[in-house]
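Let me begin by presenting the structure, written as structure tokens, before commenting on it.
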Amino acid sequence: MNTLQDPISQIVDAVAEAEGVEPVALDPPLAKIVDPDALETLIEDSATSNLEIQFAYRGHDIVVDDSGRVQVD
């Protein structure tokens, strides 16, 4: 995916696409797994610190790199 404008929405959309479902069908919601505000802060900070953020959601490994790209495996 491209640079993050709204990282939470992009992560949810990427997971939903990987599973072939609508984003609203994802249960539990991403916000129950990670704190959206903390995640956005980490993503913003990663642009200047070469930080890579990784976490698991619904059996997928989610990676957000310092350029803001979201990868769902």
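We name chains A, B, ... following the order of the structure tokens; residues begin at 1 in each chain, and ligands are numbered from 1 as shown.
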- request: Select from chain A everything DSSP, run on the backbone, classes as helix (DSSP H, G or I), then give the selection as a VMD selection string.
  value: chain A and resid 7 to 19 23 to 25 30 to 33 36 to 49
- request: Please identify all polymer residues within 10 Å of region 23-32 of chain A, counting only C-alpha atoms, omitting same-chain residues fewer than 6 positions from it, and present them as a VMD selection string.
  value: chain A and resid 8 to 9 11 to 17 39 57 to 58
task: Compare A:Ile53, A:Gln10, A:Gly20, A:Gly59 by their minimum atom-to-atom distance to Thr41 (chain A), counting only C-alpha atoms, and give me the closest one.
output: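 Checking each of A:Ile53, A:Gln10, A:Gly20, A:Gly59 against Thr41 (chain A), counting only C-alpha atoms, the winner is A:Ile53.
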task: Rounded to one decimal place, report the CA of Thr48 (chain A)-CA of Asp66 (chain A) distance in Å.
output: 7.7 Å
task: Could you please write out, as a VMD selection string, every residue of chain A that DSSP assigns to strand (DSSP E or B)?
output: chain A and resid 53 to 57 60 to 64 70 to 72
field: Polymer residues at most 12 Å from Phe55 (chain A), only C-alpha atoms, same-chain spacing of 4 or more positions, as a ChimeraX atom specification
entry: /A:11,30,33-35,39,59-65,70-73
Writing out the chosen residues with N, CA, C and O atoms as a JSON list (two decimals), in the first residue's frame:
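Okay, result_3.json is ready:
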[["chain", "number", "residue", "atom", "x", "y", "z"],
["A", 11, "ILE", "N", -4.79, -0.41, 7.39],
["A", 11, "ILE", "CA", -4.52, -1.74, 7.94],
["A", 11, "ILE", "C", -5.78, -2.59, 7.90],
["A", 11, "ILE", "O", -5.76, -3.74, 7.46],
["A", 30, "LEU", "N", -9.85, -3.91, 15.02],
["A", 30, "LEU", "CA", -8.43, -3.63, 15.24],
["A", 30, "LEU", "C", -8.20, -2.86, 16.53],
["A", 30, "LEU", "O", -7.24, -3.11, 17.26],
["A", 33, "ILE", "N", -7.33, -4.75, 19.57],
["A", 33, "ILE", "CA", -6.04, -5.43, 19.57],
["A", 33, "ILE", "C", -4.89, -4.47, 19.85],
["A", 33, "ILE", "O", -3.98, -4.79, 20.60],
["A", 34, "VAL", "N", -4.94, -3.30, 19.22],
["A", 34, "VAL", "CA", -3.91, -2.28, 19.42],
["A", 34, "VAL", "C", -4.58, -0.94, 19.67],
["A", 34, "VAL", "O", -5.69, -0.68, 19.19],
["A", 35, "ASP", "N", -3.92, -0.09, 20.41],
["A", 35, "ASP", "CA", -4.41, 1.26, 20.67],
["A", 35, "ASP", "C", -4.19, 2.10, 19.41],
["A", 35, "ASP", "O", -3.04, 2.33, 19.03],
["A", 39, "LEU", "N", -0.63, 3.53, 17.97],
["A", 39, "LEU", "CA", -0.15, 3.04, 16.69],
["A", 39, "LEU", "C", 0.14, 4.20, 15.74],
["A", 39, "LEU", "O", 1.19, 4.24, 15.10],
["A", 59, "GLY", "N", -4.56, -13.60, 12.88],
["A", 59, "GLY", "CA", -3.72, -14.61, 12.26],
["A", 59, "GLY", "C", -2.79, -14.08, 11.18],
["A", 59, "GLY", "O", -2.09, -14.86, 10.54],
["A", 60, "HIS", "N", -2.78, -12.78, 10.98],
["A", 60, "HIS", "CA", -1.90, -12.16, 9.98],
["A", 60, "HIS", "C", -0.78, -11.43, 10.69],
["A", 60, "HIS", "O", -0.98, -10.86, 11.76],
["A", 61, "ASP", "N", 0.39, -11.43, 10.07],
["A", 61, "ASP", "CA", 1.48, -10.58, 10.55],
["A", 61, "ASP", "C", 1.37, -9.25, 9.82],
["A", 61, "ASP", "O", 1.39, -9.21, 8.59],
["A", 62, "ILE", "N", 1.23, -8.18, 10.59],
["A", 62, "ILE", "CA", 1.10, -6.84, 10.04],
["A", 62, "ILE", "C", 2.43, -6.14, 10.23],
["A", 62, "ILE", "O", 2.99, -6.15, 11.33],
["A", 63, "VAL", "N", 2.94, -5.53, 9.18],
["A", 63, "VAL", "CA", 4.19, -4.77, 9.25],
["A", 63, "VAL", "C", 3.94, -3.41, 8.62],
["A", 63, "VAL", "O", 3.40, -3.31, 7.52],
["A", 64, "VAL", "N", 4.32, -2.36, 9.37],
["A", 64, "VAL", "CA", 4.28, -1.01, 8.84],
["A", 64, "VAL", "C", 5.71, -0.51, 8.88],
["A", 64, "VAL", "O", 6.32, -0.45, 9.94],
["A", 65, "ASP", "N", 6.26, -0.19, 7.70],
["A", 65, "ASP", "CA", 7.65, 0.24, 7.67],
["A", 65, "ASP", "C", 7.78, 1.75, 7.81],
["A", 65, "ASP", "O", 6.77, 2.46, 7.90],
["A", 70, "VAL", "N", 2.05, -0.61, 4.41],
["A", 70, "VAL", "CA", 1.44, -1.67, 5.20],
["A", 70, "VAL", "C", 1.60, -2.99, 4.45],
["A", 70, "VAL", "O", 1.30, -3.07, 3.25],
["A", 71, "GLN", "N", 2.09, -4.01, 5.15],
["A", 71, "GLN", "CA", 2.23, -5.33, 4.57],
["A", 71, "GLN", "C", 1.46, -6.30, 5.45],
["A", 71, "GLN", "O", 1.60, -6.29, 6.68],
["A", 72, "VAL", "N", 0.62, -7.13, 4.83],
["A", 72, "VAL", "CA", -0.16, -8.13, 5.54],
["A", 72, "VAL", "C", 0.24, -9.50, 5.02],
["A", 72, "VAL", "O", 0.12, -9.78, 3.84],
["A", 73, "ASP", "N", 0.75, -10.34, 5.92],
["A", 73, "ASP", "CA", 1.15, -11.72, 5.54],
["A", 73, "ASP", "C", 0.27, -12.71, 6.26],
["A", 73, "ASP", "O", -0.19, -12.50, 7.34]]
